[in-house]
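Heads up, target-v8.pdb below (PDB, C-alpha atoms, pLDDT in the B column):
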```pdb
ATOM      1  CA  MET A   7     -11.909  42.557 106.481  1.00 46.00           C
ATOM      2  CA  LEU A   8     -12.903  40.007 103.828  1.00 50.00           C
ATOM      3  CA  GLN A   9      -9.337  39.313 102.735  1.00 57.00           C
ATOM      4  CA  HIS A  10      -8.848  37.188 105.888  1.00 59.00           C
ATOM      5  CA  LEU A  11     -11.691  34.723 105.280  1.00 59.00           C
ATOM      6  CA  GLU A  12      -9.229  31.935 104.428  1.00 69.00           C
ATOM      7  CA  TRP A  13      -5.723  31.127 105.575  1.00 74.00           C
ATOM      8  CA  VAL A  14      -2.971  29.040 103.969  1.00 82.00           C
ATOM      9  CA  VAL A  15      -1.266  26.569 106.288  1.00 87.00           C
ATOM     10  CA  ASP A  16       2.170  25.410 105.163  1.00 92.00           C
ATOM     11  CA  ASP A  17       2.358  22.366 107.446  1.00 93.00           C
ATOM     12  CA  PRO A  18      -0.813  20.273 108.004  1.00 89.00           C
ATOM     13  CA  GLU A  19       0.735  19.077 111.278  1.00 93.00           C
ATOM     14  CA  ASP A  20       0.167  22.593 112.638  1.00 91.00           C
ATOM     15  CA  VAL A  21      -3.621  22.142 112.446  1.00 90.00           C
ATOM     16  CA  VAL A  22      -5.804  20.381 115.008  1.00 92.00           C
ATOM     17  CA  VAL A  23      -9.545  20.316 114.333  1.00 89.00           C
ATOM     18  CA  THR A  24     -11.335  20.748 117.654  1.00 93.00           C
ATOM     19  CA  GLY A  25     -14.863  21.421 116.452  1.00 92.00           C
ATOM     20  CA  MET A  26     -17.106  22.153 113.522  1.00 87.00           C
ATOM     21  CA  LEU A  27     -19.809  24.804 113.223  1.00 81.00           C
ATOM     22  CA  PHE A  28     -22.929  24.332 111.132  1.00 81.00           C
ATOM     23  CA  ARG A  29     -25.083  27.414 110.706  1.00 79.00           C
ATOM     24  CA  GLU A  30     -28.425  27.781 108.972  1.00 83.00           C
ATOM     25  CA  LEU A  31     -28.463  30.772 106.606  1.00 85.00           C
ATOM     26  CA  GLY A  32     -30.956  32.367 104.239  1.00 86.00           C
ATOM     27  CA  GLN A  33     -34.654  33.141 104.189  1.00 87.00           C
ATOM     28  CA  GLY A  34     -36.778  31.451 106.789  1.00 87.00           C
ATOM     29  CA  VAL A  35     -34.175  30.969 109.540  1.00 88.00           C
ATOM     30  CA  ASP A  36     -35.236  31.773 113.093  1.00 87.00           C
ATOM     31  CA  PRO A  37     -33.648  35.125 114.065  1.00 82.00           C
ATOM     32  CA  GLN A  38     -34.039  34.203 117.746  1.00 84.00           C
ATOM     33  CA  ILE A  39     -31.564  31.367 117.187  1.00 83.00           C
ATOM     34  CA  TYR A  40     -29.385  32.594 114.297  1.00 77.00           C
ATOM     35  CA  PHE A  41     -29.672  36.402 114.599  1.00 79.00           C
ATOM     36  CA  ASP A  42     -31.026  38.804 111.968  1.00 82.00           C
ATOM     37  CA  ALA A  43     -27.994  38.729 109.668  1.00 84.00           C
ATOM     38  CA  ALA A  44     -28.389  34.985 109.030  1.00 87.00           C
ATOM     39  CA  GLY A  45     -31.794  35.526 107.418  1.00 87.00           C
ATOM     40  CA  ARG A  46     -30.416  38.173 105.057  1.00 89.00           C
ATOM     41  CA  VAL A  47     -27.612  36.045 103.569  1.00 89.00           C
ATOM     42  CA  THR A  48     -27.790  35.568  99.805  1.00 87.00           C
ATOM     43  CA  ALA A  49     -25.421  33.946  97.331  1.00 88.00           C
ATOM     44  CA  GLY A  50     -23.897  37.385  96.719  1.00 81.00           C
ATOM     45  CA  PRO A  51     -21.347  38.037  93.970  1.00 86.00           C
ATOM     46  CA  MET A  52     -18.562  36.141  95.806  1.00 85.00           C
ATOM     47  CA  GLY A  53     -20.641  33.466  97.556  1.00 85.00           C
ATOM     48  CA  PRO A  54     -22.725  33.194 100.715  1.00 87.00           C
ATOM     49  CA  GLU A  55     -19.710  32.913 103.027  1.00 84.00           C
ATOM     50  CA  TYR A  56     -18.576  36.403 102.012  1.00 87.00           C
ATOM     51  CA  ASP A  57     -22.095  37.807 102.284  1.00 88.00           C
ATOM     52  CA  TRP A  58     -22.382  36.292 105.787  1.00 86.00           C
ATOM     53  CA  THR A  59     -19.043  37.791 106.854  1.00 86.00           C
ATOM     54  CA  ARG A  60     -20.034  41.232 105.549  1.00 87.00           C
ATOM     55  CA  LEU A  61     -23.471  41.174 107.186  1.00 88.00           C
ATOM     56  CA  ARG A  62     -22.111  39.942 110.512  1.00 85.00           C
ATOM     57  CA  ALA A  63     -19.373  42.610 110.531  1.00 85.00           C
ATOM     58  CA  GLU A  64     -22.009  45.287 109.873  1.00 87.00           C
ATOM     59  CA  GLU A  65     -24.128  43.900 112.708  1.00 84.00           C
ATOM     60  CA  PHE A  66     -21.146  43.959 115.091  1.00 84.00           C
ATOM     61  CA  GLN A  67     -20.322  47.523 114.074  1.00 86.00           C
ATOM     62  CA  GLU A  68     -23.920  48.651 114.685  1.00 86.00           C
ATOM     63  CA  HIS A  69     -23.682  47.299 118.241  1.00 84.00           C
ATOM     64  CA  GLY A  70     -20.241  48.771 118.930  1.00 85.00           C
ATOM     65  CA  PHE A  71     -18.410  45.425 118.858  1.00 82.00           C
ATOM     66  CA  PHE A  72     -16.239  46.125 115.815  1.00 66.00           C
ATOM     67  CA  LEU A  73     -12.476  46.328 116.189  1.00 63.00           C
ATOM     68  CA  GLU A  74     -10.253  47.691 113.466  1.00 64.00           C
ATOM     69  CA  SER A  75      -6.675  46.554 113.088  1.00 59.00           C
TER      70      SER A  75
END
```
Written form, structure tokens:
Amino acid sequence: MLQHLEWVVDDPEDVVVTGMLFRELGQGVDPQIYFDAAGRVTAGPMGPEYDWTRLRAEEFQEHGFFLES
């Protein structure tokens, strides 16, 4: 799961940026807007992006939305 957080692109011409997502994470965020997992994100041992990915995957699995490859 976490091994696919980043990808290497050999040719920059193959990338087109079509949008950017900004998400508020950590204590004090509104769970009605950002969901429960966002408020539980910490720096974690590998950084907040990995903690967010782990928490969100757990949340998806709890709701039956998790697909395994």
Which polymer residues have any atom within 12 Å of an atom of A:Pro54, counting only C-alpha atoms, with same-chain residues fewer than 6 positions away left out, as a compact mmCIF listing (two decimals) with C-alpha atoms, keeping the file's coordinate frame?
```txt
# COMPACT_ATOMS: atom_id res chain seq x y z
CA ARG A 29 -25.08 27.41 110.71
CA GLU A 30 -28.42 27.78 108.97
CA LEU A 31 -28.46 30.77 106.61
CA GLY A 32 -30.96 32.37 104.24
CA ALA A 43 -27.99 38.73 109.67
CA ALA A 44 -28.39 34.98 109.03
CA GLY A 45 -31.79 35.53 107.42
CA ARG A 46 -30.42 38.17 105.06
CA VAL A 47 -27.61 36.04 103.57
CA THR A 48 -27.79 35.57 99.80
CA ARG A 60 -20.03 41.23 105.55
CA LEU A 61 -23.47 41.17 107.19
CA ARG A 62 -22.11 39.94 110.51
```
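Atom to atom, atom CA of A:Pro51 and atom CA of A:Ile39 stand 26.2 Å apart.
Interatomic distance, atom CA of A:His69 against atom CA of A:Gly50: 23.7 Å.
Picture a line from atom CA of A:Gln38 to atom CA of A:Glu55; it runs 20.6 Å.
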Expected axis-aligned box over every listed atom of stretch 20-28 of chain A, 4 Å added per side, centre plus edges in Å to one decimal, as lines of an AutoDock Vina configuration file:
```
center_x = -11.4
center_y = 22.6
center_z = 114.4
size_x = 31.1
size_y = 12.5
size_z = 14.5
```
Check: Given the choices A:Gln67, A:Trp58, A:Trp13, A:Gly53, which gets closest to A:Phe41 if the distance is worked out from all atoms listed in the file?
Finding: A:Trp58
